[in-house]
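A.B. asks: Below is the file start02.txt, with compact mmCIF, C-alpha atoms.
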```txt
# COMPACT_ATOMS: atom_id res chain seq x y z
CA MET A 1 0.00 0.00 0.00
CA GLY A 2 1.37 3.40 -1.00
CA HIS A 3 0.50 6.44 1.06
CA GLU A 4 1.37 10.11 0.92
CA ALA A 5 0.46 12.74 3.46
CA GLN A 6 1.03 16.45 3.66
CA VAL A 7 0.35 18.07 7.03
CA TYR A 8 0.37 21.86 6.98
CA PRO A 9 -0.30 23.26 10.47
CA HIS A 10 -0.99 26.79 9.29
CA ASN A 11 -4.41 25.60 8.10
CA ASP A 12 -5.38 24.26 11.52
CA LEU A 13 -4.12 27.39 13.24
CA LEU A 14 -6.00 29.68 10.86
CA ASN A 15 -9.12 27.56 11.36
CA LEU A 16 -8.69 27.90 15.12
CA ALA A 17 -8.34 31.68 14.80
CA TYR A 18 -11.39 31.80 12.52
CA HIS A 19 -13.40 29.82 15.06
CA HIS A 20 -12.49 32.15 17.91
CA LYS A 21 -13.13 35.20 15.73
CA GLY A 22 -16.60 33.78 15.06
CA VAL A 23 -17.22 33.28 18.78
CA VAL A 24 -16.21 36.91 19.39
CA GLU A 25 -18.44 38.20 16.59
CA LYS A 26 -21.40 36.17 17.86
CA LYS A 27 -20.94 37.52 21.38
CA VAL A 28 -20.75 41.08 20.05
CA ALA A 29 -23.94 40.56 18.02
CA GLN A 30 -25.69 39.24 21.16
CA SER A 31 -24.29 42.01 23.40
CA ASN A 32 -22.63 39.28 25.47
CA ARG A 33 -19.27 40.44 26.81
CA GLU A 34 -18.74 37.46 29.14
CA ALA A 35 -15.15 36.24 28.77
CA ILE A 36 -14.86 37.97 25.38
CA GLY A 37 -11.32 39.04 26.27
CA LEU A 38 -10.36 35.37 26.63
CA ASP A 39 -11.93 34.60 23.25
CA CYS A 40 -9.94 37.47 21.73
CA MET A 41 -6.80 36.15 23.44
CA SER A 42 -7.34 32.68 21.95
CA CYS A 43 -7.85 34.21 18.52
CA LEU A 44 -4.66 36.28 18.75
CA ILE A 45 -2.57 33.35 20.01
CA ALA A 46 -3.79 31.19 17.10
CA LEU A 47 -3.05 34.04 14.67
CA ALA A 48 0.46 34.57 16.04
CA PHE A 49 1.21 30.85 15.73
CA SER A 50 -0.31 30.76 12.25
CA VAL A 51 1.99 33.54 11.03
CA GLU A 52 5.01 31.48 12.02
CA ALA A 53 3.48 28.37 10.43
CA ILE A 54 2.70 30.26 7.19
CA VAL A 55 6.27 31.55 7.06
CA ASN A 56 7.64 28.04 7.64
CA PHE A 57 5.31 26.58 5.01
CA VAL A 58 6.31 29.08 2.31
CA GLY A 59 9.97 28.80 3.28
CA PHE A 60 9.83 25.00 3.17
CA LYS A 61 8.12 25.04 -0.23
CA SER A 62 10.23 27.73 -1.89
CA ILE A 63 13.70 27.86 -0.31
CA ALA A 64 16.27 25.07 -0.39
CA GLU A 65 17.61 24.27 3.09
CA TRP A 66 14.96 26.36 4.85
CA ASN A 67 15.78 26.79 8.55
CA GLU A 68 12.54 26.75 10.55
CA ARG A 69 14.59 27.21 13.74
CA ALA A 70 15.93 30.61 12.64
CA SER A 71 14.67 33.71 14.41
CA TYR A 72 11.44 35.33 13.27
CA LYS A 73 13.36 38.37 12.00
CA ASP A 74 15.86 36.23 10.07
CA LYS A 75 13.10 34.11 8.51
CA MET A 76 11.25 37.23 7.36
CA ALA A 77 14.47 38.59 5.84
CA VAL A 78 15.24 35.32 4.02
CA LEU A 79 11.67 35.05 2.72
CA GLY A 80 11.69 38.67 1.63
CA LYS A 81 14.93 38.20 -0.28
CA ASN A 82 13.76 34.97 -1.93
CA VAL A 83 10.12 35.69 -2.77
CA GLY A 84 10.29 39.46 -3.12
CA PHE A 85 8.61 41.28 -0.26
CA GLU A 86 9.90 43.73 2.30
CA PHE A 87 8.90 43.26 5.92
CA ASP A 88 8.13 46.84 6.93
CA PRO A 89 6.91 46.86 10.54
CA SER A 90 5.51 50.38 10.05
CA ALA A 91 3.07 49.30 7.30
CA GLU A 92 0.19 46.83 7.15
CA PRO A 93 -0.04 43.91 7.27
CA TYR A 94 3.41 43.78 8.85
CA SER A 95 2.69 46.21 11.70
CA THR A 96 -0.10 43.92 12.89
CA LEU A 97 2.13 40.85 12.47
CA GLN A 98 4.71 42.59 14.66
CA ILE A 99 2.07 43.23 17.34
CA LEU A 100 1.02 39.56 17.20
CA LYS A 101 4.66 38.49 17.54
CA THR A 102 5.10 40.75 20.56
CA ILE A 103 1.90 39.44 22.18
CA ARG A 104 2.97 35.86 21.48
CA ASP A 105 6.38 36.44 23.05
CA GLN A 106 4.90 38.20 26.09
CA MET A 107 2.51 35.30 26.69
CA ALA A 108 4.89 32.45 25.86
CA HIS A 109 7.67 33.89 28.01
CA GLY A 110 5.34 35.31 30.64
CA LYS A 111 7.16 37.00 33.44
CA PRO A 112 5.55 38.00 36.71
CA ILE A 113 4.81 41.69 37.04
CA GLU A 114 4.75 43.06 40.55
CA THR A 115 3.95 46.71 41.20
CA LYS A 116 3.02 48.89 44.13
CA ALA A 117 0.55 51.67 43.60
CA GLU A 118 -1.88 53.81 45.51
CA ILE A 119 -5.29 52.67 44.28
CA SER A 120 -8.29 54.92 44.75
CA ASP A 121 -10.96 53.13 42.71
CA ARG A 122 -11.74 49.99 40.71
CA GLU A 123 -10.60 51.48 37.41
CA ALA A 124 -7.19 52.30 38.87
CA LEU A 125 -6.97 48.77 40.27
CA ARG A 126 -7.90 47.32 36.87
CA ASP A 127 -5.21 49.47 35.23
CA ALA A 128 -2.62 48.35 37.79
CA MET A 129 -3.48 44.71 37.09
CA ALA A 130 -3.41 45.00 33.30
CA SER A 131 -1.25 42.62 31.29
CA PRO A 132 0.89 44.10 28.52
CA TRP A 133 -1.39 42.60 25.84
CA ASP A 134 -4.72 43.65 27.34
CA GLU A 135 -5.14 46.66 25.05
CA HIS A 136 -5.31 44.26 22.08
CA LEU A 137 -7.96 41.95 23.53
CA THR A 138 -10.80 43.62 21.70
CA PRO A 139 -13.21 42.32 19.07
CA GLU A 140 -12.07 45.07 16.72
CA PHE A 141 -8.40 44.13 16.96
CA ALA A 142 -9.10 40.39 16.70
CA LYS A 143 -11.05 40.96 13.47
CA HIS A 144 -8.42 43.36 12.12
CA ALA A 145 -5.57 41.00 12.97
CA PHE A 146 -7.34 38.08 11.28
CA MET A 147 -7.77 40.10 8.08
CA GLN A 148 -4.11 41.17 8.13
CA VAL A 149 -2.84 37.62 8.62
CA LYS A 150 -5.01 36.41 5.73
CA LEU A 151 -3.65 39.26 3.57
CA PHE A 152 -0.10 38.28 4.52
CA GLU A 153 -0.80 34.64 3.66
CA LYS A 154 -2.32 35.58 0.29
CA THR A 155 0.59 37.90 -0.52
CA LEU A 156 3.23 35.32 0.37
CA LEU A 157 1.54 32.54 -1.58
CA GLU A 158 1.21 34.76 -4.66
CA LEU A 159 4.83 35.94 -4.48
CA ALA A 160 6.08 32.37 -3.98
CA LYS A 161 3.75 31.16 -6.77
CA ILE A 162 2.18 28.53 -4.52
CA PRO A 163 -1.40 27.66 -5.54
CA LEU A 164 -3.88 27.67 -2.68
CA MET A 165 -4.74 24.00 -3.37
CA ASP A 166 -1.12 23.10 -2.66
CA THR A 167 -1.41 24.52 0.87
CA LEU A 168 -4.05 22.11 2.13
CA THR A 169 -3.39 19.23 4.49
CA SER A 170 -4.15 16.09 2.51
CA GLY A 171 -3.38 12.44 2.08
CA THR A 172 -3.65 9.72 -0.51
CA ALA A 173 -3.54 5.98 -0.31
CA VAL A 174 -3.74 3.13 -2.74
CA TRP A 175 -5.47 0.07 -1.35
CA ILE A 176 -4.93 -3.24 -3.09
CA GLU A 177 -7.29 -6.02 -2.04
CA THR A 178 -5.64 -9.44 -2.00
```
Let me see the file written as structure tokens.
C.D. replies:
Amino acid sequence: MGHEAQVYPHNDLLNLAYHHKGVVEKKVAQSNREAIGLDCMSCLIALAFSVEAIVNFVGFKSIAEWNERASYKDKMAVLGKNVGFEFDPSAEPYSTLQILKTIRDQMAHGKPIETKAEISDREALRDAMASPWDEHLTPEFAKHAFMQVKLFEKTLLELAKIPLMDTLTSGTAVWIET
């Protein structure tokens, strides 16, 4: 029996982000804010991971001896040189990708934050307890970030001349009955 399989994690991660984006949008439509920040957080984590997976996919498919262990910055530079884009963190979609990378690093390498402050009300307490990524845990940013990651994916695939059908996880098998 012959079998081939292609597993491309960026699809699963983008599907996960899409799912969480849908949960956020549904909650917004129903005026339900319960745990919406956590739903936004899940969406952003999946998007940040998907960016890295998209980069590794395109690098694997288009660059001989691709190094998936290289730093994010180095991988972007190598991809840019080989497929013809410039990673400009001051322009979209790259500015959003940079925010996602920062959020991902802050969460993945989470360090305790201890502060002392004079607190006079609940809002001041909430501000004192804020995580560095909290400002991005909004439905608006989750939706925006999803659109920017999809634009980045589309741009990379076009520049690398990789048809969308060639990006899908798939498998084939030939069964011979004896």
A.B. asks: Looking at only C-alpha atoms, which of A:Leu151, A:Leu164, A:Leu156, A:Cys40 is the one that sits closest to Asn56 (chain A)?
C.D. replies: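 Using only C-alpha atoms, the shortest distance to Asn56 (chain A) belongs to A:Leu156.
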A.B. asks: Between CA of Val55 (chain A) and CA of Glu153 (chain A), what is the distance, to one decimal in Å?
C.D. replies: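 Going from CA of Val55 (chain A) over to CA of Glu153 (chain A) covers 8.4 Å.
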A.B. asks: Expressed in Å to a single decimal, how great is the separation between CA of Met107 (chain A) and CA of Tyr18 (chain A)?
C.D. replies: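 Separation between CA of Met107 (chain A) and CA of Tyr18 (chain A): 20.2 Å.
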A.B. asks: For Gly110 (chain A), which residue among A:Trp133, A:Tyr8, A:Phe60, A:Tyr72 is the nearest when counting only C-alpha atoms?
C.D. replies: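 Closest candidate: A:Trp133.
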A.B. asks: Tell me which of A:Val149, A:Asp166, A:Met129, A:Glu135 sits closest to Ala117 (chain A), counting only C-alpha atoms.
C.D. replies: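 Between A:Val149, A:Asp166, A:Met129, A:Glu135, the residue approaching Ala117 (chain A) most closely is A:Met129.
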A.B. asks: Compute the distance from (4.3, 40.5, 12.5) to each atom, counting only C-alpha atoms, keep the residues with any atom at most 10 Å away, and return them as a PDB file with C-alpha atoms, in the frame of the given file; use the coordinates of the file.
C.D. replies:
```
ATOM      1  CA  ALA A  48       0.460  34.570  16.040  1.00  0.00           C
ATOM      2  CA  VAL A  51       1.990  33.540  11.030  1.00  0.00           C
ATOM      3  CA  GLU A  52       5.010  31.480  12.020  1.00  0.00           C
ATOM      4  CA  TYR A  72      11.440  35.330  13.270  1.00  0.00           C
ATOM      5  CA  LYS A  73      13.360  38.370  12.000  1.00  0.00           C
ATOM      6  CA  MET A  76      11.250  37.230   7.360  1.00  0.00           C
ATOM      7  CA  PHE A  87       8.900  43.260   5.920  1.00  0.00           C
ATOM      8  CA  ASP A  88       8.130  46.840   6.930  1.00  0.00           C
ATOM      9  CA  PRO A  89       6.910  46.860  10.540  1.00  0.00           C
ATOM     10  CA  GLU A  92       0.190  46.830   7.150  1.00  0.00           C
ATOM     11  CA  PRO A  93      -0.040  43.910   7.270  1.00  0.00           C
ATOM     12  CA  TYR A  94       3.410  43.780   8.850  1.00  0.00           C
ATOM     13  CA  SER A  95       2.690  46.210  11.700  1.00  0.00           C
ATOM     14  CA  THR A  96      -0.100  43.920  12.890  1.00  0.00           C
ATOM     15  CA  LEU A  97       2.130  40.850  12.470  1.00  0.00           C
ATOM     16  CA  GLN A  98       4.710  42.590  14.660  1.00  0.00           C
ATOM     17  CA  ILE A  99       2.070  43.230  17.340  1.00  0.00           C
ATOM     18  CA  LEU A 100       1.020  39.560  17.200  1.00  0.00           C
ATOM     19  CA  LYS A 101       4.660  38.490  17.540  1.00  0.00           C
ATOM     20  CA  THR A 102       5.100  40.750  20.560  1.00  0.00           C
ATOM     21  CA  ALA A 145      -5.570  41.000  12.970  1.00  0.00           C
ATOM     22  CA  GLN A 148      -4.110  41.170   8.130  1.00  0.00           C
ATOM     23  CA  VAL A 149      -2.840  37.620   8.620  1.00  0.00           C
ATOM     24  CA  PHE A 152      -0.100  38.280   4.520  1.00  0.00           C
TER      25      PHE A 152
END
```
A.B. asks: At the level of C-alpha atoms, write region 17-59 of chain A to a file as a compact mmCIF listing (two decimals), in the first residue's frame, please.
C.D. replies:
```txt
# COMPACT_ATOMS: atom_id res chain seq x y z
CA ALA A 17 -8.34 31.68 14.80
CA TYR A 18 -11.39 31.80 12.52
CA HIS A 19 -13.40 29.82 15.06
CA HIS A 20 -12.49 32.15 17.91
CA LYS A 21 -13.13 35.20 15.73
CA GLY A 22 -16.60 33.78 15.06
CA VAL A 23 -17.22 33.28 18.78
CA VAL A 24 -16.21 36.91 19.39
CA GLU A 25 -18.44 38.20 16.59
CA LYS A 26 -21.40 36.17 17.86
CA LYS A 27 -20.94 37.52 21.38
CA VAL A 28 -20.75 41.08 20.05
CA ALA A 29 -23.94 40.56 18.02
CA GLN A 30 -25.69 39.24 21.16
CA SER A 31 -24.29 42.01 23.40
CA ASN A 32 -22.63 39.28 25.47
CA ARG A 33 -19.27 40.44 26.81
CA GLU A 34 -18.74 37.46 29.14
CA ALA A 35 -15.15 36.24 28.77
CA ILE A 36 -14.86 37.97 25.38
CA GLY A 37 -11.32 39.04 26.27
CA LEU A 38 -10.36 35.37 26.63
CA ASP A 39 -11.93 34.60 23.25
CA CYS A 40 -9.94 37.47 21.73
CA MET A 41 -6.80 36.15 23.44
CA SER A 42 -7.34 32.68 21.95
CA CYS A 43 -7.85 34.21 18.52
CA LEU A 44 -4.66 36.28 18.75
CA ILE A 45 -2.57 33.35 20.01
CA ALA A 46 -3.79 31.19 17.10
CA LEU A 47 -3.05 34.04 14.67
CA ALA A 48 0.46 34.57 16.04
CA PHE A 49 1.21 30.85 15.73
CA SER A 50 -0.31 30.76 12.25
CA VAL A 51 1.99 33.54 11.03
CA GLU A 52 5.01 31.48 12.02
CA ALA A 53 3.48 28.37 10.43
CA ILE A 54 2.70 30.26 7.19
CA VAL A 55 6.27 31.55 7.06
CA ASN A 56 7.64 28.04 7.64
CA PHE A 57 5.31 26.58 5.01
CA VAL A 58 6.31 29.08 2.31
CA GLY A 59 9.97 28.80 3.28
```
